[in-house]
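Asks: Right, I'll just put the structure down here and ask away after.
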Amino acid sequence: MKHYMTIVRTFGLLAVLLLASQPALALKLLTEENPPLNYTENKKLTGMATEVVQEIGRRAKIKLETDVMAWDKAYEKAQADKETCLYSTARLPNRENAFKWVGPIAVNKWGLFALGGFKQEIKSLKDARPFRVGGVARDAKTEFLKQEGVTNIVEVTDDRLNPGKLTLNRKEAQRIDLWITSVANAKQVAARAKVPDVKLVYVVREAESYLACSPRTSAATLKALADALDGMQKDGGYGKIIKAWEGR
């Protein structure tokens with residue numbers, strides 16, 4: 001009987017180890033409206049990073065279940081929930097230990113925008129410090145500005161609210177002088193907000209974007225995702241997606 005129980009325990013342990021070595025059958029993906037990386041168009045999720053992530057899931061044979069929500073809510077859930085990843089996420093030093101990282105999955109250029117009549121010259125982030133800057137709460141662009149000493153930031157939960165807050169009158173309350181956003185989609189977002197007269201006044205940086213996965217995501221799942229991305233980079237699949245979107 002003792003020998004039988006030893007065999008049962010041994011097989012039980014082997015089963016647990018086998019399961020632990022297998023990636024999850026399904027992975028929860030959280031994202032926001034942030035064109036051109038990830039956004040909905042005609043009720044369908046699309047974007048440069050979205051296409052990369054979808055191909056990663058296909059190659060890794062992991063079913064992806066995606067939710068689009070406000071960034072701050074998605075950020076919290078991605079840290080707390082198991083088998084969950086957030087994209088597109090900039091890999092900043094203050095975030096390094098909060099997630100497990102897979103990527104990069106895209107490159108995003110950040111810029112400061114203003115209304116067409118904005119006359120002041122912005123040659124560095126130091127020049128931007130006196131101005132009110134509109135940004136998204138917990139967004140990497142907002143966090144980066146704070147780290148660089150730009151602290152006069154008016155935060156919102158949705159970047160689409162920022163163009164309508166731009167003003168040339170610095171005395172006007174609850175408004176912004178500058179807006180930090182992705183260079184690739186700024187004019188599109190502004191046009192949809194019926195604020196077509198915006199201009200780029202300073203390129204802040206080019207930032208790589210990642211899948212930021214919950215610490216509760218299994219090592220096997222993370223490896224499967226990383227291996228799939230590595231395969232895409234080696235066979236040209238990744239570059240093909242990036243070039244197609246850059247050409248739009």
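Residues in the structure tokens are numbered from 1 in each chain, the chains being A, B, ... in the order shown, and ligands are numbered from 1 in the order shown.
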Which parts of region 9-237 of chain A does DSSP call strand (DSSP E or B) when run on the backbone here, written out as number ranges by chain?

Replies: A: 26-31, 34, 38-41, 44-46, 63-68, 84-90, 100-115, 133-136, 153-156, 166, 176, 178-182, 198-213

Asks: As a PyMOL selection string, please: every residue in region 50-243 of chain A that a backbone DSSP assignment puts in helix (DSSP H, G or I).

Replies: chain A and resi 50-60+71-80+93-98+125-128+140-147+159-161+163-165+186-192+219-235+237-243

Asks: Take CA of Arg132 (chain A) and CA of Phe113 (chain A) and report the distance between them in Å, one decimal.

Replies: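 That distance, rounded to one decimal, is 11.7 Å.
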
Asks: May I have the residues within 12 Å of Lys119 (chain A) as a count of residues only, using only C-alpha atoms and disregarding those fewer than 2 positions away in the same chain?

Replies: 12

Asks: Considering only C-alpha atoms, can you say which of A:Val198, A:Ala224, A:Ile242, A:Val156 comes closest to Leu37 (chain A)?

Replies: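 Residue with the minimum atom-to-atom distance to Leu37 (chain A): A:Ile242.
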
Asks: For Thr221 (chain A), which of A:Leu145, A:Leu166, A:Ala98, A:Cys85 is the closest residue, counting only C-alpha atoms?

Replies: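 Under the stated criterion, the closest residue is A:Cys85.
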
Asks: Excluding region 21-26 of chain A and its own-chain neighbours fewer than 5 positions away, which residues fall within 10 Å of it when counting only C-alpha atoms? Please give them as a list in words.

Replies: Ala15, Val16, Gly57, Ala60, Lys61, Ile62, Lys63, Leu64, Glu65, Glu83, Thr84, Thr217, Ser218, Ala219, Ala220, Thr221, Leu222, Lys223, Ala224 and Leu225 of chain A

Asks: Please produce a file of the residues just selected, as a CSV table (one decimal), in the first residue's frame, where the atoms kept are N, CA and C atoms.

Replies:
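Dumped everything to again_36.csv:
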chain,number,residue,atom,x,y,z
A,15,ALA,N,2.6,15.2,-12.9
A,15,ALA,CA,1.5,15.9,-13.6
A,15,ALA,C,1.5,17.4,-13.4
A,16,VAL,N,1.8,17.7,-12.1
A,16,VAL,CA,1.9,19.2,-11.8
A,16,VAL,C,3.0,19.8,-12.5
A,57,GLY,N,0.3,35.5,-30.6
A,57,GLY,CA,-0.6,34.6,-30.0
A,57,GLY,C,-0.8,33.4,-30.9
A,60,ALA,N,2.3,31.2,-30.9
A,60,ALA,CA,2.4,30.5,-29.6
A,60,ALA,C,1.3,29.6,-29.3
A,61,LYS,N,0.3,29.6,-30.2
A,61,LYS,CA,-0.9,28.7,-30.0
A,61,LYS,C,-1.6,29.0,-28.7
A,62,ILE,N,-1.7,30.3,-28.4
A,62,ILE,CA,-2.4,30.8,-27.2
A,62,ILE,C,-3.6,31.6,-27.6
A,63,LYS,N,-4.8,31.3,-27.1
A,63,LYS,CA,-6.0,32.1,-27.4
A,63,LYS,C,-5.9,33.4,-26.7
A,64,LEU,N,-6.1,34.5,-27.4
A,64,LEU,CA,-6.0,35.8,-26.8
A,64,LEU,C,-7.5,36.4,-26.6
A,65,GLU,N,-7.7,36.8,-25.4
A,65,GLU,CA,-9.0,37.4,-25.1
A,65,GLU,C,-8.8,38.9,-24.7
A,83,GLU,N,-2.2,35.4,-15.7
A,83,GLU,CA,-2.2,35.2,-17.1
A,83,GLU,C,-2.9,36.4,-17.8
A,84,THR,N,-2.3,37.6,-17.6
A,84,THR,CA,-2.8,38.8,-18.1
A,84,THR,C,-1.7,39.7,-18.5
A,217,THR,N,1.7,35.7,-14.3
A,217,THR,CA,1.7,35.0,-15.6
A,217,THR,C,2.8,33.9,-15.6
A,218,SER,N,2.4,32.7,-16.0
A,218,SER,CA,3.4,31.6,-15.8
A,218,SER,C,4.6,31.8,-16.7
A,219,ALA,N,5.7,31.2,-16.2
A,219,ALA,CA,7.0,31.3,-17.0
A,219,ALA,C,6.9,30.6,-18.3
A,220,ALA,N,6.1,29.5,-18.4
A,220,ALA,CA,5.9,28.8,-19.7
A,220,ALA,C,5.2,29.7,-20.7
A,221,THR,N,4.2,30.4,-20.2
A,221,THR,CA,3.4,31.4,-21.1
A,221,THR,C,4.3,32.5,-21.6
A,222,LEU,N,5.1,33.0,-20.7
A,222,LEU,CA,6.0,34.1,-21.1
A,222,LEU,C,7.1,33.6,-22.1
A,223,LYS,N,7.6,32.4,-21.9
A,223,LYS,CA,8.5,31.8,-22.8
A,223,LYS,C,7.9,31.6,-24.2
A,224,ALA,N,6.7,31.1,-24.2
A,224,ALA,CA,6.0,30.8,-25.5
A,224,ALA,C,5.8,32.1,-26.3
A,225,LEU,N,5.4,33.2,-25.6
A,225,LEU,CA,5.3,34.5,-26.2
A,225,LEU,C,6.6,35.1,-26.7

Asks: Which residue gives the smallest distance to Glu33 (chain A) among A:Arg160, A:Lys240, A:Lys123, A:Arg192, with only C-alpha atoms counted?

Replies: A:Arg160

Asks: Using CA of Lys43 (chain A) and CA of Ala190 (chain A) as the two end points, give the distance in Å to one decimal.

Replies: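 Interatomic distance here is 20.3 Å.
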
Asks: Within 8 Å of Pro36 (chain A), counting only C-alpha atoms, which residues show up once you throw out same-chain ones fewer than 6 positions away? Write them as a VMD selection string, please.

Replies: chain A and resid 47 to 48 184 to 185

Asks: Measuring between only C-alpha atoms, which one of A:Gly239, A:Gly135, A:Thr181, A:Leu27 shows the shortest distance to Pro104 (chain A)?

Replies: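 For Pro104 (chain A), the nearest of the given residues is A:Gly239.
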
Asks: Name the closest residue to Thr66 (chain A) among the candidates A:Ala78, A:Leu29, A:Ala49, A:Val183; distances are taken between atoms, counting only C-alpha atoms.

Replies: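 The shortest atom-to-atom distance to Thr66 (chain A) comes from A:Leu29.
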
Asks: Of the residues A:Trp101, A:Tyr87, A:Trp110, A:Trp71, which is the one nearest to Val136 (chain A), using only C-alpha atoms?

Replies: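 Among the listed residues, the smallest separation from Val136 (chain A) belongs to A:Trp71.
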
Asks: Using Å and a single decimal, report how far CA of Lys44 (chain A) sits from CA of Lys77 (chain A).

Replies: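 Value for the CA of Lys77 (chain A)-CA of Lys44 (chain A) distance: 22.3 Å.
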